[in-house]
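A quick write-up on the structure given underneath.
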Amino acid sequence: MTRADLIDSLSSKFPYQSPMTVDNAVREIFEILIETLAAGERIEIRGFGSFEIRVHEPRIAHNPKTGEQVNLNERRVVHFKPGVELRQRVNGGK
């Protein structure tokens with residue numbers, strides 16, 4: 001599903017809202033989520049899951065093609081853990 005698909009789906013479920021209003025709401029929700037994660041905070045949406053930042057420490061890796069050593073800097077990665085309800089529905093429960 002793309003963002004446009006999400007907006008179309010929400011617009012059809014809420015016909016009294018204009019597609020532009022739905023688009024603005026979706027964009028604002030995503031912006032808030034991004035800002036929260038960028039600040040290093042955890043996001044928990046009950047029944048759906050949680051997002052958190054994990055830090056990968058700097059290390060020395062190898063380029064598999066050339067065998068050359070490469071220095072990797074510290075990096076922050078978004079980690080998603082699905083909630084119980086999401087896991088159950090994806091696996092055919094409920």
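The way I read the labels, and the way they are meant: chains A, B, ... in the order of the structure tokens, residue 1 as the first residue of every chain, and ligand 1 as the first ligand shown, with later ones counted on from there.
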
Picked from chain A by DSSP as strand (DSSP E or B), as a short mmCIF file (atom, residue, chain, number, x, y, z; two decimals) with N, CA and C atoms, in the first residue's frame:
```cif
data_model
loop_
_atom_site.label_atom_id
_atom_site.label_comp_id
_atom_site.auth_asym_id
_atom_site.auth_seq_id
_atom_site.Cartn_x
_atom_site.Cartn_y
_atom_site.Cartn_z
N ILE A 43 7.86 5.11 20.05
CA ILE A 43 6.46 5.27 19.69
C ILE A 43 5.78 3.92 19.92
N GLU A 44 4.68 3.93 20.67
CA GLU A 44 3.92 2.71 20.90
C GLU A 44 2.47 2.95 20.52
N ILE A 45 1.97 2.15 19.58
CA ILE A 45 0.59 2.22 19.16
C ILE A 45 -0.05 0.89 19.55
N GLY A 49 1.83 -1.88 17.19
CA GLY A 49 3.22 -2.19 17.45
C GLY A 49 3.97 -0.98 17.98
N SER A 50 5.29 -1.14 18.07
CA SER A 50 6.12 -0.04 18.58
C SER A 50 7.32 0.17 17.67
N PHE A 51 7.73 1.42 17.60
CA PHE A 51 8.90 1.82 16.85
C PHE A 51 9.92 2.38 17.83
N GLU A 52 11.17 2.02 17.65
CA GLU A 52 12.22 2.59 18.49
C GLU A 52 13.50 2.68 17.68
N ILE A 53 14.41 3.49 18.17
CA ILE A 53 15.70 3.67 17.52
C ILE A 53 16.70 2.75 18.19
N ARG A 54 17.44 2.01 17.38
CA ARG A 54 18.55 1.20 17.89
C ARG A 54 19.83 1.76 17.30
N VAL A 55 20.87 1.78 18.12
CA VAL A 55 22.15 2.34 17.70
C VAL A 55 23.10 1.20 17.34
N HIS A 56 23.65 1.25 16.15
CA HIS A 56 24.67 0.30 15.72
C HIS A 56 26.02 0.99 15.93
N ARG A 59 32.13 0.14 13.47
CA ARG A 59 32.89 -1.11 13.36
C ARG A 59 33.64 -1.13 12.05
N ILE A 60 34.49 -2.10 11.92
CA ILE A 60 35.23 -2.30 10.68
C ILE A 60 34.58 -3.47 9.95
N ALA A 61 34.20 -3.23 8.70
CA ALA A 61 33.57 -4.27 7.88
C ALA A 61 34.48 -4.53 6.68
N HIS A 62 34.08 -5.47 5.87
CA HIS A 62 34.85 -5.79 4.67
C HIS A 62 33.95 -5.70 3.45
N GLN A 69 38.99 -3.40 3.71
CA GLN A 69 38.36 -3.02 4.97
C GLN A 69 37.67 -1.67 4.81
N VAL A 70 36.50 -1.55 5.43
CA VAL A 70 35.71 -0.33 5.36
C VAL A 70 35.32 0.06 6.78
N ASN A 71 35.51 1.32 7.14
CA ASN A 71 35.09 1.81 8.45
C ASN A 71 33.63 2.25 8.37
N LEU A 72 32.81 1.67 9.22
CA LEU A 72 31.40 2.06 9.29
C LEU A 72 31.21 2.92 10.52
N ARG A 75 25.49 4.34 13.50
CA ARG A 75 24.27 4.68 12.79
C ARG A 75 23.07 4.31 13.63
N ARG A 76 22.02 5.05 13.42
CA ARG A 76 20.76 4.82 14.12
C ARG A 76 19.79 4.18 13.15
N VAL A 77 19.12 3.13 13.60
CA VAL A 77 18.22 2.36 12.75
C VAL A 77 16.86 2.26 13.43
N VAL A 78 15.80 2.44 12.66
CA VAL A 78 14.44 2.30 13.20
C VAL A 78 14.11 0.81 13.28
N HIS A 79 13.64 0.39 14.44
CA HIS A 79 13.25 -1.00 14.66
C HIS A 79 11.75 -1.03 14.96
N PHE A 80 11.02 -1.93 14.30
CA PHE A 80 9.58 -2.08 14.53
C PHE A 80 9.32 -3.44 15.15
N LYS A 81 8.53 -3.44 16.22
CA LYS A 81 8.11 -4.69 16.86
C LYS A 81 6.59 -4.72 16.80
N PRO A 82 6.02 -5.69 16.07
CA PRO A 82 4.56 -5.74 15.95
C PRO A 82 3.89 -6.05 17.28
#
```

Need to verify the contact set: Ser9 (chain A), 12 Å, only C-alpha atoms, exclusion of same-chain residues closer than 4 positions in sequence. Can you return it as a PDB file with C-alpha atoms, in the first residue's frame?
```
ATOM      1  CA  MET A   1       0.000   0.000   0.000  1.00  0.00           C
ATOM      2  CA  THR A   2       1.308   3.422  -0.903  1.00  0.00           C
ATOM      3  CA  ARG A   3       0.520   6.724   0.781  1.00  0.00           C
ATOM      4  CA  ALA A   4      -1.860   7.538  -2.091  1.00  0.00           C
ATOM      5  CA  ASP A   5      -3.651   4.198  -1.569  1.00  0.00           C
ATOM      6  CA  LYS A  13     -14.405   5.553   4.476  1.00  0.00           C
ATOM      7  CA  PHE A  14     -14.915   9.213   5.438  1.00  0.00           C
ATOM      8  CA  PRO A  15     -16.749  10.748   2.441  1.00  0.00           C
ATOM      9  CA  PRO A  19      -9.357  14.153   0.002  1.00  0.00           C
ATOM     10  CA  VAL A  22      -7.325  13.458   4.573  1.00  0.00           C
ATOM     11  CA  ASP A  23      -4.008  13.966   2.735  1.00  0.00           C
ATOM     12  CA  VAL A  26      -1.901  11.609   6.906  1.00  0.00           C
TER      13      VAL A  26
END
```

All alpha helix (DSSP H) residues (DSSP, backbone) inside chain A, as JSON, numbers by chain: {"A": [3, 4, 5, 6, 7, 8, 9, 10, 11, 12, 13, 19, 20, 21, 22, 23, 24, 25, 26, 27, 28, 29, 30, 31, 32, 33, 34, 35, 36, 37, 38, 84, 85, 86, 87, 88, 89, 90]}

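Reported to one decimal place, the separation of CA of Gly47 (chain A) from CA of Asn91 (chain A) is 14.3 Å.
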